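Enquirer: For reference, the structure I am asking about is given below.
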Amino acid sequence: MKARLVLRFPPLLVDQPVVYKLVKDYNLIFNILRAEITPASEGLMVLEIEGEEEDFKQGLKYLEERGVKFQPLSQDVVMKEELCTHCGACIIHCPTGALYYDDERKVLFAPDKCIACEICVEICPYRAMEVTLG
Amino acid sequence: MRERTIEEINEKIKKGTVVVLTAEEVIEMAKEKGYKKAAEEVDVVTTGTFGPMCSSGVLINFGHSSPRIKKARVWLNDVPAYGGLAAVDIYLGATAIPDNDPANADYPGEFKYGGGHVIEDLVRGKDILLYAESYGTDCYPRKELETYINIHTINEAILFNPRNAYQNYNVAVNLSNRTLYTYMGMLLPNLGNANYCSAGQLSPLLKDPLYETIGIGTRIFLGGGVGYVAWWGTQHSPAVPRNELGIPKVPAGTLALIGDLKQMSPQWLRGASMRGYGVSLAVGVGVPIPILNEEVFHRAAASDAEITAPVVDYSDAYPNRKGEILAEVTYAQLKSGEIEVLGKKVPTASLSSYYKAREIATILKNWIREGKFLLTQPVERLPGPESGIKMKPCDIRKPHIEEF
């Protein structure tokens, strides 16, 4: 299975090779989409993790035990439907195609494709995209 | 076909027998049935557009306090409004920003809040902080006023937009090697993207290109309520190159629009923050086109493939007013997601919402079908191509130096 997760590391863990453990002990494939690690303060990492279901479960359990808080990325990036005017100014700037037109030129958002780069937040004149990372 | 009059169409509206199609639907119909037959069947074509229109604003009369004030300077939620009118009349422009906004000192500026947002907040019914200063007179002794107003407490709130519904517009590109932040959005370097801002085949003045039906006094959909064409808009420039249908190939006609803000809805009036540029107001406009004859129908049925827009470089040609056009592209090409400029494929993005434009045209269609909206005969026609009127530049004159 595969998932995009936002990991929040407590300050004490910032200098420890947590992600390395995910690979070595749990056979998980990871892709770092984004990372903000500052000594002595909370670290933040957006990871795409892929692996066998059991490994996945155990890996997350390990993270939990180490005090790493995590949640699906989709909870951190939201399109506020009522604010979007469906102009589509954001679409060409979205690097993963998470923002796209449907057949009627309505702008839709696919959270599972989002990597939280926040370009849409900068582009949108109506502030319809909200990213609460970090 | 036999010519139709506005009166005949209005009779049909009252009887409930009127045939109304949106400017998008009518394209298909014309293809299927042919222009002649379709023109005989259709009484009205509805258009729509929704995009940022900077030349917009609201006239407000906020009522008299006790003691009275004749405000000289005034702010709404810290955004300055114009007060050089009678005691409590003000005009708030869509692009006004707070005096303490960092603007582009922190480039590219965010422009989080300005006139357009105050207008949206007014329409939402929110309380707005009013602050006014004056020098005081015998009849208006108060020198300072601080209070909250909202759309219900004020006397009038009249949306008056000196220039909306631009008939065609530039496609903006960037030939330089740095990112540009413009009123046409973010333009990536070296032809990174091409931004356009028109509803194309749904846009009001592109479907009545010679102003045969839209004129002064035309009743319209404005911001979710009913408004009117007040005048031709500023920069109205009808004498420009046009195609065989009379559709201008460059920005041409414009409309000045007026309506009661109290009838409007935030769904169709939205404050916009254009990064590195400033604040604007996105306005929803819908105009009905009565099908008076076959020619009017033919133009109203023009499709995106028949409407072209000029591609302009916003790193040099636009800011320095050089007038150079890099390419002509159709709205069909723009909507395909990619155009070709100087031999390079360039992805396109729209600042105007085609989805909302269609919604507006559909709402207006339903208003007319349900007998809620009657068409108007213009009081005067707008200056057309034959007027020779073209937008004038502002050439800089050096001050006279006296010779000795």
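Chain labels A, B, ... are given in the sequence in which chains occur in the structure tokens; within each chain residues are numbered consecutively from 1, and ligands are likewise numbered from 1 in the order shown.
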What are the residues of chain A that have an atom within 10 Å of an atom of chain B, counting only C-alpha atoms, as a PyMOL selection string?

Expert: chain A and resi 82-93+101+104-107+122-127

Enquirer: Could you turn the residues from that selection into a file that holds C-alpha atoms, as a PDB file, in the first residue's frame?

Expert:
ATOM      1  CA  GLU A  82     -17.124  28.138  -1.265  1.00  0.00           C
ATOM      2  CA  LEU A  83     -14.140  30.403  -2.029  1.00  0.00           C
ATOM      3  CA  CYS A  84     -13.037  28.830  -5.334  1.00  0.00           C
ATOM      4  CA  THR A  85     -14.314  30.678  -8.407  1.00  0.00           C
ATOM      5  CA  HIS A  86     -13.156  27.933 -10.799  1.00  0.00           C
ATOM      6  CA  CYS A  87     -11.040  30.275 -12.898  1.00  0.00           C
ATOM      7  CA  GLY A  88      -8.288  27.671 -13.109  1.00  0.00           C
ATOM      8  CA  ALA A  89      -5.350  30.070 -12.723  1.00  0.00           C
ATOM      9  CA  CYS A  90      -3.769  27.483 -10.386  1.00  0.00           C
ATOM     10  CA  ILE A  91      -3.953  24.483 -12.689  1.00  0.00           C
ATOM     11  CA  ILE A  92      -0.823  24.923 -14.820  1.00  0.00           C
ATOM     12  CA  HIS A  93       1.263  25.719 -11.748  1.00  0.00           C
ATOM     13  CA  TYR A 101     -10.682  20.955 -14.722  1.00  0.00           C
ATOM     14  CA  GLU A 104     -17.497  21.476 -17.452  1.00  0.00           C
ATOM     15  CA  ARG A 105     -14.374  23.498 -16.592  1.00  0.00           C
ATOM     16  CA  LYS A 106     -15.078  23.285 -12.888  1.00  0.00           C
ATOM     17  CA  VAL A 107     -11.827  23.181 -10.898  1.00  0.00           C
ATOM     18  CA  GLU A 122       0.478  31.803  -3.756  1.00  0.00           C
ATOM     19  CA  ILE A 123      -1.417  31.847  -7.062  1.00  0.00           C
ATOM     20  CA  CYS A 124      -5.061  31.819  -5.950  1.00  0.00           C
ATOM     21  CA  PRO A 125      -6.493  35.378  -5.930  1.00  0.00           C
ATOM     22  CA  TYR A 126      -9.421  34.206  -3.778  1.00  0.00           C
ATOM     23  CA  ARG A 127      -7.406  32.286  -1.170  1.00  0.00           C
TER      24      ARG A 127
END

Enquirer: Give the strand (DSSP E or B) residues of region 14-81 of chain A, as DSSP finds them on the backbone, and put them as JSON, numbers by chain.

Expert: {"A": [29, 30, 31, 32, 33, 34, 35, 36, 43, 44, 45, 46, 47, 48, 49, 50, 69, 70, 71, 72, 77, 78, 79]}

Enquirer: Check region 76-232 of chain B with DSSP on the backbone and list each residue it calls alpha helix (DSSP H), as a list of chain:residue names.

Expert: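 Alpha helix (DSSP H) members of region 76-232 of chain B, listed: B:Gly115, B:Gly116, B:His117, B:Val118, B:Ile119, B:Glu120, B:Asp121, B:Leu122, B:Val123, B:Pro204, B:Leu205, B:Leu206, B:Lys207.
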
Enquirer: Could you list, as a PyMOL selection string, every residue within 10 Å of region 64-73 of chain A, counting only C-alpha atoms and ignoring same-chain residues fewer than 5 positions away?

Expert: chain A and resi 3-10+12-13+18+42-48+58-59+78+111-116+131-133

Enquirer: In Å, rounded to a single decimal, give me how far CA of Ser336 (chain B) is from CA of Pro95 (chain A).

Expert: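 That distance, rounded to one decimal, is 18.4 Å.
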
Enquirer: What lies within 9 Å of Lys14 (chain B) using only C-alpha atoms, ignoring chain neighbours under 3 positions off, as a list in words?

Expert: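 Everything that qualifies: Ile9, Asn10, Glu11, Thr17, Val18, Arg369, Glu370, Gly371, Lys372 and Leu374 of chain B.
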
Enquirer: Deliver the residues from the most recent selection as a file, using all heavy atoms, as a PDB file, in the first residue's frame.

Expert:
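The resulting file, selection.pdb, is reproduced below:
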ATOM      1  N   ILE B   9     -40.594  40.499 -28.106  1.00  0.00           N
ATOM      2  CA  ILE B   9     -39.900  39.533 -27.239  1.00  0.00           C
ATOM      3  C   ILE B   9     -40.449  39.638 -25.815  1.00  0.00           C
ATOM      4  O   ILE B   9     -40.727  38.627 -25.164  1.00  0.00           O
ATOM      5  CB  ILE B   9     -38.367  39.745 -27.272  1.00  0.00           C
ATOM      6  CG1 ILE B   9     -37.836  39.474 -28.675  1.00  0.00           C
ATOM      7  CG2 ILE B   9     -37.672  38.858 -26.246  1.00  0.00           C
ATOM      8  CD1 ILE B   9     -36.378  39.829 -28.896  1.00  0.00           C
ATOM      9  N   ASN B  10     -40.660  40.866 -25.358  1.00  0.00           N
ATOM     10  CA  ASN B  10     -41.185  41.043 -23.997  1.00  0.00           C
ATOM     11  C   ASN B  10     -42.593  40.455 -23.851  1.00  0.00           C
ATOM     12  O   ASN B  10     -42.939  39.920 -22.794  1.00  0.00           O
ATOM     13  CB  ASN B  10     -41.171  42.520 -23.601  1.00  0.00           C
ATOM     14  CG  ASN B  10     -39.774  42.956 -23.152  1.00  0.00           C
ATOM     15  OD1 ASN B  10     -38.946  42.121 -22.799  1.00  0.00           O
ATOM     16  ND2 ASN B  10     -39.521  44.253 -23.172  1.00  0.00           N
ATOM     17  N   GLU B  11     -43.404  40.565 -24.901  1.00  0.00           N
ATOM     18  CA  GLU B  11     -44.734  39.952 -24.862  1.00  0.00           C
ATOM     19  C   GLU B  11     -44.606  38.439 -24.667  1.00  0.00           C
ATOM     20  O   GLU B  11     -45.323  37.834 -23.881  1.00  0.00           O
ATOM     21  CB  GLU B  11     -45.502  40.248 -26.161  1.00  0.00           C
ATOM     22  CG  GLU B  11     -46.133  41.641 -26.198  1.00  0.00           C
ATOM     23  CD  GLU B  11     -46.920  41.967 -24.931  1.00  0.00           C
ATOM     24  OE1 GLU B  11     -47.789  41.152 -24.538  1.00  0.00           O
ATOM     25  OE2 GLU B  11     -46.650  43.027 -24.313  1.00  0.00           O
ATOM     26  N   THR B  17     -43.716  32.141 -23.495  1.00  0.00           N
ATOM     27  CA  THR B  17     -43.442  31.375 -24.716  1.00  0.00           C
ATOM     28  C   THR B  17     -42.080  31.724 -25.326  1.00  0.00           C
ATOM     29  O   THR B  17     -41.761  31.281 -26.414  1.00  0.00           O
ATOM     30  CB  THR B  17     -44.524  31.651 -25.786  1.00  0.00           C
ATOM     31  OG1 THR B  17     -44.545  33.071 -26.044  1.00  0.00           O
ATOM     32  CG2 THR B  17     -45.893  31.191 -25.328  1.00  0.00           C
ATOM     33  N   VAL B  18     -41.297  32.538 -24.613  1.00  0.00           N
ATOM     34  CA  VAL B  18     -40.024  33.002 -25.155  1.00  0.00           C
ATOM     35  C   VAL B  18     -39.023  31.839 -25.260  1.00  0.00           C
ATOM     36  O   VAL B  18     -39.014  30.937 -24.415  1.00  0.00           O
ATOM     37  CB  VAL B  18     -39.467  34.162 -24.284  1.00  0.00           C
ATOM     38  CG1 VAL B  18     -39.027  33.656 -22.915  1.00  0.00           C
ATOM     39  CG2 VAL B  18     -38.338  34.891 -24.979  1.00  0.00           C
ATOM     40  N   ARG B 369     -36.941  33.232 -18.843  1.00  0.00           N
ATOM     41  CA  ARG B 369     -37.947  32.185 -19.065  1.00  0.00           C
ATOM     42  C   ARG B 369     -39.071  32.266 -18.052  1.00  0.00           C
ATOM     43  O   ARG B 369     -40.228  32.015 -18.367  1.00  0.00           O
ATOM     44  CB  ARG B 369     -37.297  30.812 -18.942  1.00  0.00           C
ATOM     45  CG  ARG B 369     -36.663  30.355 -20.218  1.00  0.00           C
ATOM     46  CD  ARG B 369     -36.236  28.928 -20.025  1.00  0.00           C
ATOM     47  NE  ARG B 369     -35.645  28.396 -21.234  1.00  0.00           N
ATOM     48  CZ  ARG B 369     -34.974  27.243 -21.254  1.00  0.00           C
ATOM     49  NH1 ARG B 369     -34.808  26.545 -20.144  1.00  0.00           N
ATOM     50  NH2 ARG B 369     -34.470  26.810 -22.385  1.00  0.00           N
ATOM     51  N   GLU B 370     -38.697  32.586 -16.802  1.00  0.00           N
ATOM     52  CA  GLU B 370     -39.708  32.616 -15.730  1.00  0.00           C
ATOM     53  C   GLU B 370     -40.456  33.944 -15.699  1.00  0.00           C
ATOM     54  O   GLU B 370     -41.274  34.177 -14.804  1.00  0.00           O
ATOM     55  CB  GLU B 370     -39.023  32.356 -14.376  1.00  0.00           C
ATOM     56  CG  GLU B 370     -38.520  30.928 -14.222  1.00  0.00           C
ATOM     57  CD  GLU B 370     -37.414  30.794 -13.173  1.00  0.00           C
ATOM     58  OE1 GLU B 370     -37.243  31.729 -12.359  1.00  0.00           O
ATOM     59  OE2 GLU B 370     -36.716  29.765 -13.187  1.00  0.00           O
ATOM     60  N   GLY B 371     -40.165  34.819 -16.635  1.00  0.00           N
ATOM     61  CA  GLY B 371     -40.880  36.097 -16.720  1.00  0.00           C
ATOM     62  C   GLY B 371     -40.437  37.119 -15.692  1.00  0.00           C
ATOM     63  O   GLY B 371     -41.095  38.134 -15.473  1.00  0.00           O
ATOM     64  N   LYS B 372     -39.276  36.890 -15.049  1.00  0.00           N
ATOM     65  CA  LYS B 372     -38.808  37.805 -14.003  1.00  0.00           C
ATOM     66  C   LYS B 372     -37.958  38.941 -14.536  1.00  0.00           C
ATOM     67  O   LYS B 372     -37.605  39.862 -13.808  1.00  0.00           O
ATOM     68  CB  LYS B 372     -37.952  37.025 -12.984  1.00  0.00           C
ATOM     69  CG  LYS B 372     -38.745  36.082 -12.112  1.00  0.00           C
ATOM     70  CD  LYS B 372     -37.901  35.624 -10.941  1.00  0.00           C
ATOM     71  CE  LYS B 372     -37.563  34.164 -11.045  1.00  0.00           C
ATOM     72  NZ  LYS B 372     -36.672  33.640 -10.046  1.00  0.00           N
ATOM     73  N   LEU B 374     -37.381  41.433 -17.939  1.00  0.00           N
ATOM     74  CA  LEU B 374     -37.785  41.900 -19.271  1.00  0.00           C
ATOM     75  C   LEU B 374     -36.612  42.599 -19.948  1.00  0.00           C
ATOM     76  O   LEU B 374     -35.755  43.181 -19.278  1.00  0.00           O
ATOM     77  CB  LEU B 374     -38.967  42.861 -19.164  1.00  0.00           C
ATOM     78  CG  LEU B 374     -40.300  42.243 -18.714  1.00  0.00           C
ATOM     79  CD1 LEU B 374     -41.347  43.327 -18.567  1.00  0.00           C
ATOM     80  CD2 LEU B 374     -40.767  41.150 -19.659  1.00  0.00           C
TER      81      LEU B 374
END

Enquirer: Could you please determine the separation between CA of Val74 (chain B) and CA of Ala165 (chain B) in Å, to one decimal place?

Expert: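 Interatomic distance here is 29.2 Å.
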
Enquirer: Which polymer residues have any atom within 10 Å of an atom of Val19 (chain B), counting only C-alpha atoms, with same-chain residues fewer than 6 positions away left out, as a JSON list (two decimals) with N, CA and C atoms, in the first residue's frame?

Expert:
[["chain", "number", "residue", "atom", "x", "y", "z"],
["B", 9, "ILE", "N", -40.59, 40.50, -28.11],
["B", 9, "ILE", "CA", -39.90, 39.53, -27.24],
["B", 9, "ILE", "C", -40.45, 39.64, -25.81],
["B", 12, "LYS", "N", -43.65, 37.86, -25.41],
["B", 12, "LYS", "CA", -43.41, 36.41, -25.29],
["B", 12, "LYS", "C", -42.93, 36.04, -23.89],
["B", 13, "ILE", "N", -42.09, 36.92, -23.32],
["B", 13, "ILE", "CA", -41.59, 36.64, -21.96],
["B", 13, "ILE", "C", -42.77, 36.62, -21.00],
["B", 41, "GLU", "N", -35.97, 30.62, -34.64],
["B", 41, "GLU", "CA", -36.51, 30.00, -33.42],
["B", 41, "GLU", "C", -36.12, 30.72, -32.14],
["B", 42, "VAL", "N", -34.92, 31.29, -32.11],
["B", 42, "VAL", "CA", -34.39, 31.82, -30.84],
["B", 42, "VAL", "C", -34.73, 33.31, -30.69],
["B", 43, "ASP", "N", -35.30, 33.66, -29.54],
["B", 43, "ASP", "CA", -35.64, 35.06, -29.27],
["B", 43, "ASP", "C", -34.52, 35.79, -28.54],
["B", 44, "VAL", "N", -33.88, 35.10, -27.61],
["B", 44, "VAL", "CA", -32.87, 35.76, -26.77],
["B", 44, "VAL", "C", -31.69, 34.82, -26.55],
["B", 45, "VAL", "N", -30.48, 35.40, -26.59],
["B", 45, "VAL", "CA", -29.26, 34.66, -26.24],
["B", 45, "VAL", "C", -28.67, 35.33, -25.00],
["B", 365, "LYS", "N", -30.86, 33.25, -18.24],
["B", 365, "LYS", "CA", -31.80, 32.53, -19.12],
["B", 365, "LYS", "C", -33.06, 32.15, -18.32],
["B", 368, "ILE", "N", -35.35, 35.09, -17.47],
["B", 368, "ILE", "CA", -36.15, 35.52, -18.63],
["B", 368, "ILE", "C", -37.27, 34.51, -18.89],
["B", 369, "ARG", "N", -36.94, 33.23, -18.84],
["B", 369, "ARG", "CA", -37.95, 32.19, -19.06],
["B", 369, "ARG", "C", -39.07, 32.27, -18.05]]

Enquirer: I want to know what sits within 10 Å of Pro11 (chain A), based on only C-alpha atoms, with residues of the same chain fewer than 5 positions away left out; could you give that as a list in words?

Expert: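 That gives Ile37, Thr38, Pro39, Ala40, Ser41, Glu42 and Gly43 of chain A.
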